[in-house]
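Asker: Dropping in model-v2.txt, with compact mmCIF, C-alpha atoms and all ligand atoms.
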# COMPACT_ATOMS: atom_id res chain seq x y z
CA MET W 1 -48.33 83.83 -46.82
CA ALA W 2 -49.55 81.03 -44.53
CA THR W 3 -47.20 79.61 -41.89
CA GLN W 4 -48.92 76.23 -41.60
CA ASN W 5 -49.16 73.74 -44.44
CA ASN W 6 -52.76 73.33 -45.63
CA GLU W 7 -54.72 70.98 -47.93
CA ALA W 8 -53.58 72.78 -51.09
CA SER W 9 -50.11 74.17 -50.36
CA TYR W 10 -47.02 74.24 -48.12
CA GLY W 11 -46.61 77.10 -45.61
CA TRP W 12 -43.65 79.51 -45.78
CA PRO W 13 -41.33 77.67 -43.32
CA ALA W 14 -41.57 74.44 -45.37
CA LYS W 15 -41.02 76.43 -48.59
CA ALA W 16 -38.05 78.38 -47.22
CA LEU W 17 -36.43 75.20 -45.88
CA HIS W 18 -37.08 73.33 -49.16
CA TRP W 19 -35.53 75.95 -51.46
CA GLY W 20 -32.73 76.95 -49.07
CA MET W 21 -31.68 73.33 -48.68
CA ALA W 22 -32.09 72.55 -52.41
CA LEU W 23 -29.62 75.36 -53.17
CA LEU W 24 -27.24 74.29 -50.40
CA ILE W 25 -27.24 70.62 -51.40
CA ILE W 26 -26.74 71.28 -55.11
CA SER W 27 -23.79 73.58 -54.19
CA LEU W 28 -22.39 70.88 -51.86
CA VAL W 29 -22.48 68.29 -54.66
CA ALA W 30 -20.77 70.71 -57.10
CA LEU W 31 -18.09 71.61 -54.52
CA GLY W 32 -17.57 67.94 -53.54
CA LEU W 33 -17.05 66.91 -57.18
CA TYR W 34 -14.70 69.84 -57.78
CA LEU W 35 -12.74 68.96 -54.61
CA SER W 36 -12.32 65.33 -55.52
CA GLY W 37 -10.40 66.34 -58.68
CA MET W 38 -8.03 68.74 -56.85
CA PRO W 39 -4.41 67.95 -55.94
CA ARG W 40 -3.63 67.90 -52.19
CA GLY W 41 -2.52 71.21 -50.68
CA ASP W 42 -3.63 74.26 -48.69
CA ALA W 43 -6.23 75.35 -51.28
CA LYS W 44 -7.89 71.91 -51.18
CA SER W 45 -7.81 71.79 -47.35
CA GLU W 46 -9.48 75.20 -47.21
CA LEU W 47 -12.26 74.06 -49.58
CA ILE W 48 -12.71 70.80 -47.63
CA ARG W 49 -13.29 72.92 -44.51
CA LEU W 50 -15.90 74.98 -46.40
CA HIS W 51 -17.57 71.81 -47.78
CA ALA W 52 -17.61 70.14 -44.34
CA SER W 53 -18.96 73.26 -42.56
CA SER W 54 -21.73 73.67 -45.16
CA GLY W 55 -22.53 69.96 -44.79
CA VAL W 56 -22.94 70.39 -41.02
CA LEU W 57 -25.21 73.39 -41.70
CA ALA W 58 -27.27 71.17 -44.04
CA PHE W 59 -27.61 68.64 -41.20
CA MET W 60 -28.83 71.31 -38.75
CA LEU W 61 -31.43 72.52 -41.28
CA LEU W 62 -32.41 68.89 -41.94
CA LEU W 63 -33.18 68.38 -38.23
CA VAL W 64 -35.33 71.55 -38.10
CA ARG W 65 -37.10 70.50 -41.31
CA PHE W 66 -37.64 66.95 -40.03
CA GLY W 67 -39.23 68.28 -36.82
CA TRP W 68 -41.43 70.64 -38.84
CA LYS W 69 -42.48 67.82 -41.22
CA LEU W 70 -43.42 65.56 -38.28
CA CYS W 71 -45.82 68.12 -36.81
CA GLN W 72 -47.10 69.52 -40.14
CA PRO W 73 -48.86 67.11 -42.49
CA GLY W 74 -48.19 67.98 -46.17
CA PRO W 75 -50.90 69.01 -48.65
CA ARG W 76 -53.38 66.48 -50.07
CA PRO W 77 -51.66 64.04 -52.54
CA LEU W 78 -51.88 65.33 -56.11
CA SER W 79 -52.61 61.92 -57.57
CA ASP W 80 -55.42 59.40 -56.85
CA ILE W 81 -53.26 56.51 -58.03
CA LYS W 82 -52.09 54.48 -55.03
CA TRP W 83 -48.55 53.62 -56.30
CA GLN W 84 -47.85 57.25 -57.17
CA VAL W 85 -48.89 58.41 -53.69
CA VAL W 86 -46.74 55.71 -52.05
CA LEU W 87 -43.73 56.42 -54.34
CA SER W 88 -43.89 60.16 -53.67
CA LYS W 89 -43.93 59.61 -49.88
CA LEU W 90 -41.07 57.11 -50.18
CA VAL W 91 -38.92 59.53 -52.22
CA HIS W 92 -39.61 62.42 -49.83
CA TRP W 93 -38.68 60.38 -46.72
CA ALA W 94 -35.69 58.82 -48.51
CA PHE W 95 -34.31 62.33 -49.17
CA TYR W 96 -34.11 62.89 -45.40
CA ALA W 97 -32.36 59.54 -44.80
CA VAL W 98 -29.88 59.96 -47.68
CA ILE W 99 -28.95 63.55 -46.75
CA ALA W 100 -28.28 62.38 -43.17
CA ALA W 101 -26.17 59.46 -44.54
CA GLN W 102 -24.24 61.90 -46.75
CA VAL W 103 -23.34 64.14 -43.80
CA ILE W 104 -22.50 61.24 -41.44
CA SER W 105 -20.31 59.40 -43.99
CA GLY W 106 -18.56 62.67 -44.96
CA SER W 107 -17.87 63.48 -41.29
CA LEU W 108 -16.54 59.97 -40.61
CA SER W 109 -14.32 60.04 -43.69
CA LEU W 110 -12.79 63.28 -42.40
CA MET W 111 -12.52 62.13 -38.77
CA THR W 112 -10.70 58.93 -39.76
CA VAL W 113 -7.81 60.96 -41.25
CA GLY W 114 -7.53 62.65 -37.85
CA TRP W 115 -9.40 65.88 -38.69
CA ASP W 116 -11.96 67.49 -36.41
CA VAL W 117 -15.19 68.41 -38.25
CA PRO W 118 -15.22 72.21 -38.54
CA PHE W 119 -18.15 74.63 -38.52
CA PHE W 120 -17.07 77.91 -40.16
CA GLY W 121 -14.39 78.49 -37.51
CA LEU W 122 -17.06 78.79 -34.78
CA PHE W 123 -16.60 75.32 -33.31
CA ALA W 124 -15.31 71.90 -34.33
CA ILE W 125 -16.57 68.41 -33.51
CA PRO W 126 -13.45 66.62 -32.20
CA THR W 127 -12.41 63.37 -33.84
CA PRO W 128 -12.22 60.26 -31.64
CA TYR W 129 -10.01 58.53 -34.30
CA GLU W 130 -6.29 58.24 -34.98
CA ARG W 131 -5.45 58.44 -38.70
CA ASP W 132 -6.67 55.15 -40.23
CA MET W 133 -6.59 55.11 -44.03
CA ALA W 134 -8.47 51.79 -44.41
CA LEU W 135 -11.38 53.16 -42.39
CA HIS W 136 -11.11 56.48 -44.26
CA HIS W 137 -11.53 54.70 -47.63
CA TYR W 138 -14.46 52.71 -46.22
CA TRP W 139 -16.37 55.88 -45.24
CA GLU W 140 -15.31 57.66 -48.42
CA GLY W 141 -16.96 54.79 -50.33
CA TRP W 142 -20.20 55.38 -48.42
CA HIS W 143 -19.96 59.12 -49.11
CA VAL W 144 -19.76 58.44 -52.88
CA ALA W 145 -22.58 55.84 -52.67
CA ALA W 146 -24.77 58.33 -50.79
CA TRP W 147 -24.24 60.90 -53.52
CA TYR W 148 -25.29 58.38 -56.20
CA ALA W 149 -28.44 57.67 -54.16
CA LEU W 150 -29.07 61.41 -53.79
CA ALA W 151 -28.68 61.92 -57.57
CA SER W 152 -31.14 59.04 -58.24
CA LEU W 153 -33.72 60.53 -55.84
CA PHE W 154 -33.23 63.93 -57.46
CA ALA W 155 -33.90 62.43 -60.93
CA LEU W 156 -37.09 60.74 -59.64
CA HIS W 157 -38.14 64.00 -57.92
CA MET W 158 -37.62 66.08 -61.08
CA GLY W 159 -39.39 63.43 -63.19
CA ALA W 160 -42.43 63.55 -60.88
CA VAL W 161 -42.55 67.37 -60.81
CA LEU W 162 -42.30 67.59 -64.63
CA PHE W 163 -44.83 64.78 -65.10
CA HIS W 164 -47.48 66.40 -62.87
CA GLN W 165 -46.83 69.89 -64.17
CA LEU W 166 -46.59 69.17 -67.92
CA VAL W 167 -48.39 65.85 -68.57
CA GLY W 168 -50.96 65.81 -65.75
CA LYS W 169 -51.52 69.59 -66.10
CA LYS W 170 -51.54 69.91 -62.29
CA ARG W 171 -49.96 72.96 -60.73
CA ILE W 172 -47.54 71.07 -58.46
CA LEU W 173 -44.84 73.79 -58.45
CA LYS W 174 -47.34 76.33 -57.12
CA ARG W 175 -47.69 74.23 -53.93
CA MET W 176 -43.99 74.82 -53.14
CA LEU W 177 -43.64 78.44 -54.45
C1 LIG Q 1 -31.52 68.50 -53.84
C2 LIG Q 1 -32.59 69.23 -54.06
C3 LIG Q 1 -33.97 68.90 -53.54
C4 LIG Q 1 -34.36 68.17 -52.46
C5 LIG Q 1 -33.47 67.47 -51.43
C6 LIG Q 1 -35.83 68.18 -52.42
C7 LIG Q 1 -36.60 67.53 -51.46
C8 LIG Q 1 -37.99 67.61 -51.37
C9 LIG Q 1 -38.78 67.01 -50.31
C10 LIG Q 1 -38.20 66.17 -49.16
C11 LIG Q 1 -40.08 67.34 -50.54
C12 LIG Q 1 -41.30 66.96 -49.67
C13 LIG Q 1 -41.69 68.08 -48.77
C14 LIG Q 1 -40.78 68.17 -47.55
O1 LIG Q 1 -40.55 67.17 -46.87
O2 LIG Q 1 -40.28 69.26 -47.28
C15 LIG Q 1 -40.12 68.13 -51.75
C16 LIG Q 1 -41.26 68.66 -52.33
C17 LIG Q 1 -41.27 69.34 -53.52
N1 LIG Q 1 -40.18 69.68 -54.31
FE1 LIG Q 1 -38.27 69.28 -53.91
N2 LIG Q 1 -36.30 68.91 -53.49
C18 LIG Q 1 -35.19 69.37 -54.20
C19 LIG Q 1 -35.21 70.16 -55.34
C20 LIG Q 1 -36.36 70.55 -56.00
C21 LIG Q 1 -36.39 71.28 -57.27
C22 LIG Q 1 -35.14 71.74 -58.05
C23 LIG Q 1 -37.71 71.46 -57.59
C24 LIG Q 1 -38.36 72.12 -58.79
C25 LIG Q 1 -37.90 72.13 -60.01
C26 LIG Q 1 -38.51 70.86 -56.53
C27 LIG Q 1 -39.88 70.87 -56.46
C28 LIG Q 1 -40.64 70.36 -55.43
C29 LIG Q 1 -42.10 70.46 -55.37
C30 LIG Q 1 -43.00 71.13 -56.40
C31 LIG Q 1 -42.50 69.82 -54.18
C32 LIG Q 1 -43.93 69.63 -53.65
C33 LIG Q 1 -44.42 68.26 -54.02
C34 LIG Q 1 -45.86 68.03 -53.56
O3 LIG Q 1 -46.62 68.97 -53.52
O4 LIG Q 1 -46.17 66.88 -53.24
N3 LIG Q 1 -37.65 70.29 -55.60
N4 LIG Q 1 -38.82 68.28 -52.24
C1 LIG Q 2 -25.46 66.95 -47.76
C2 LIG Q 2 -24.17 67.12 -47.54
C3 LIG Q 2 -23.06 66.70 -48.49
C4 LIG Q 2 -23.09 66.46 -49.84
C5 LIG Q 2 -24.28 66.55 -50.79
C6 LIG Q 2 -21.73 66.07 -50.23
C7 LIG Q 2 -21.34 65.71 -51.51
C8 LIG Q 2 -20.08 65.32 -51.87
C9 LIG Q 2 -19.69 64.86 -53.19
C10 LIG Q 2 -20.63 64.73 -54.39
C11 LIG Q 2 -18.37 64.57 -53.16
C12 LIG Q 2 -17.51 64.02 -54.32
C13 LIG Q 2 -17.55 62.50 -54.27
C14 LIG Q 2 -16.79 61.86 -55.43
O1 LIG Q 2 -15.57 61.84 -55.38
O2 LIG Q 2 -17.47 61.34 -56.34
C15 LIG Q 2 -17.88 64.83 -51.83
C16 LIG Q 2 -16.57 64.67 -51.40
C17 LIG Q 2 -16.17 64.89 -50.11
N1 LIG Q 2 -16.94 65.28 -49.04
FE1 LIG Q 2 -18.91 65.67 -49.08
N2 LIG Q 2 -20.92 66.08 -49.12
C18 LIG Q 2 -21.70 66.47 -48.04
C19 LIG Q 2 -21.29 66.61 -46.72
C20 LIG Q 2 -20.00 66.42 -46.29
C21 LIG Q 2 -19.55 66.58 -44.92
C22 LIG Q 2 -20.44 66.99 -43.73
C23 LIG Q 2 -18.22 66.31 -44.91
C24 LIG Q 2 -17.24 66.31 -43.76
C25 LIG Q 2 -17.51 66.70 -42.55
C26 LIG Q 2 -17.82 65.98 -46.26
C27 LIG Q 2 -16.54 65.66 -46.65
C28 LIG Q 2 -16.14 65.34 -47.93
C29 LIG Q 2 -14.78 64.98 -48.28
C30 LIG Q 2 -13.59 64.92 -47.30
C31 LIG Q 2 -14.80 64.70 -49.65
C32 LIG Q 2 -13.63 64.19 -50.50
C33 LIG Q 2 -12.69 65.23 -50.97
C34 LIG Q 2 -11.52 64.48 -51.62
O3 LIG Q 2 -11.68 63.95 -52.73
O4 LIG Q 2 -10.49 64.42 -50.98
N3 LIG Q 2 -18.92 66.06 -47.08
N4 LIG Q 2 -18.94 65.29 -51.06
Go ahead and express the file in the form of structure tokens.
Answerer:
Amino acid sequence: MATQNNEASYGWPAKALHWGMALLIISLVALGLYLSGMPRGDAKSELIRLHASSGVLAFMLLLVRFGWKLCQPGPRPLSDIKWQVVLSKLVHWAFYAVIAAQVISGSLSLMTVGWDVPFFGLFAIPTPYERDMALHHYWEGWHVAAWYALASLFALHMGAVLFHQLVGKKRILKRML
């Protein structure tokens, strides 16, 4: 399997990062939604630590993927229609921005209740804040807004994949498999 992206397909690093992160982000959303319905207590705190650590991991992978994307142009656009090419680039870049916003807002919402941001017990990013519930609710609001934006991008992304694959009869999935 090719390492570099080429005209027709993504190389293996882009594919591995895409599917690894897709799995991680879908699990993070499921865990976040589950968490938000839990009563306070040790079990919830433990799951928040797992959610936060996995979110930091997603951010590290995002940085690697961003660097790789900058030095590796993607395959040729599948469509010749200008607005579709522009929309697909916009959605792809917006994913990067929204995932970063999700991690930053989540970290700030945790830091403003006085928690350090953990990473699987290996290290923790220390909080510069005293407990400040008004600021906590502010960042929590951004964390929820970021997840709505992520869900909207995901719907557009799935719509485009299904459209090209089923209606346009173009083998878009093969480029990422
Ligand atoms: C939260 C989950 C997902 C995210 C954040 C995501 C993000 C992205 C991004 C940013 C790209 C552009 C390439 C790159 O920058 O690496 C891309 C391409 C692609 N994604 Fe996803 N994706 C997700 C889930 C999925 C799923 C579930 C499918 C399939 C059902 C899928 C199918 C594809 C395909 C086929 C491409 C290549 C598009 C092309 O050739 O232009 N993605 N995805
Ligand atoms: C891409 C990464 C992330 C995704 C997709 C994600 C997603 C979510 C979602 C969907 C929720 C539920 C929101 C709701 O109530 O509607 C949530 C809650 C939460 N997330 Fe994240 N999150 C991510 C990263 C982080 C990070 C890095 C942290 C902290 C360092 C964090 C901390 C929290 C906290 C504290 C909650 C609220 C739990 C509660 O209700 O008390 N998240 N997250």
Asker: What is the atom C19 of ligand LIG 1 (chain Q) to CA of Trp147 in chain W distance in Å?
Answerer: 14.5 Å
Asker: Using all atoms listed in the file, which protein or nucleic acid residues come within 7 Å of range 136-138 of chain W? Drop anything in the same chain fewer than 6 positions from it, and give the result as a list in words.
Answerer: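 The neighbour list is Ser109, Thr112 and Val113 of chain W.
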Asker: Got a sec to check which residues lie within 8 Å of ligand LIG 1 (chain Q), using all atoms listed in the file, and send them as a compact mmCIF listing (two decimals) with C-alpha atoms, in the coordinates of the input?
Answerer:
# COMPACT_ATOMS: atom_id res chain seq x y z
CA SER W 9 -50.11 74.17 -50.36
CA TYR W 10 -47.02 74.24 -48.12
CA ALA W 14 -41.57 74.44 -45.37
CA LYS W 15 -41.02 76.43 -48.59
CA LEU W 17 -36.43 75.20 -45.88
CA HIS W 18 -37.08 73.33 -49.16
CA TRP W 19 -35.53 75.95 -51.46
CA MET W 21 -31.68 73.33 -48.68
CA ALA W 22 -32.09 72.55 -52.41
CA LEU W 23 -29.62 75.36 -53.17
CA LEU W 24 -27.24 74.29 -50.40
CA ILE W 25 -27.24 70.62 -51.40
CA ILE W 26 -26.74 71.28 -55.11
CA ARG W 65 -37.10 70.50 -41.31
CA PHE W 66 -37.64 66.95 -40.03
CA LYS W 69 -42.48 67.82 -41.22
CA GLY W 74 -48.19 67.98 -46.17
CA PRO W 75 -50.90 69.01 -48.65
CA ARG W 76 -53.38 66.48 -50.07
CA PRO W 77 -51.66 64.04 -52.54
CA LEU W 78 -51.88 65.33 -56.11
CA SER W 88 -43.89 60.16 -53.67
CA LYS W 89 -43.93 59.61 -49.88
CA VAL W 91 -38.92 59.53 -52.22
CA HIS W 92 -39.61 62.42 -49.83
CA TRP W 93 -38.68 60.38 -46.72
CA ALA W 94 -35.69 58.82 -48.51
CA PHE W 95 -34.31 62.33 -49.17
CA TYR W 96 -34.11 62.89 -45.40
CA ILE W 99 -28.95 63.55 -46.75
CA LEU W 150 -29.07 61.41 -53.79
CA PHE W 154 -33.23 63.93 -57.46
CA HIS W 157 -38.14 64.00 -57.92
CA MET W 158 -37.62 66.08 -61.08
CA VAL W 161 -42.55 67.37 -60.81
CA LEU W 162 -42.30 67.59 -64.63
CA ILE W 172 -47.54 71.07 -58.46
CA LEU W 173 -44.84 73.79 -58.45
CA LYS W 174 -47.34 76.33 -57.12
CA ARG W 175 -47.69 74.23 -53.93
CA MET W 176 -43.99 74.82 -53.14
CA LEU W 177 -43.64 78.44 -54.45
Asker: Counting all atoms listed in the file, which protein, DNA or RNA residues come within 6 Å of ligand LIG 2 (chain Q), given as a VMD selection string?
Answerer: chain W and resid 25 28 to 29 32 to 33 35 to 36 48 51 to 52 55 to 56 58 99 102 to 103 106 to 107 110 117 144 147
Asker: Smallest atom-to-atom distance to Lys170 in chain W: which of W:Leu122, W:Ala8, W:Val98, W:Leu31, using only C-alpha atoms?
Answerer: W:Ala8
Asker: Please indicate the distance in Å from CA of Ser27 in chain W to CA of Gly41 in chain W, rounded to one decimal place.
Answerer: 21.7 Å
Asker: Quick check, in Å to one decimal: how far apart do CA of Ala146 in chain W and CA of Ala100 in chain W lie?
Answerer: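 Interatomic distance here is 9.3 Å.
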Asker: Taking only C-alpha atoms into account, name the residue in W:Leu50, W:Ala43, W:Ala16, W:Leu70 that is nearest to Gly121 in chain W.
Answerer: W:Leu50
Asker: Restricting the calculation to all atoms listed in the file, which member of W:Ala30, W:Ala160, W:Ala101, W:Phe59 is positioned closest to Gln84 in chain W?
Answerer: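 Once distances to Gln84 in chain W are computed over all atoms listed in the file, the minimum belongs to W:Ala160.
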Asker: Find, counting all atoms listed in the file, the residue in W:Gly159, W:Phe119, W:Gly20, W:Ser105 that gets nearest to Leu57 in chain W.
Answerer: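 Closest to Leu57 in chain W of all the choices is W:Phe119.
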Asker: Could you check the closest approach to Met133 in chain W for each of W:Ala97, W:Leu62, W:Met111, W:Leu166 and tell me which residue wins, using all atoms listed in the file?
Answerer: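 Closest candidate: W:Met111.
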Asker: Hey, which of W:Arg131, W:Trp115, W:Pro73, W:Leu156 ends up closest to Leu90 in chain W? Count all atoms listed in the file.
Answerer: W:Leu156
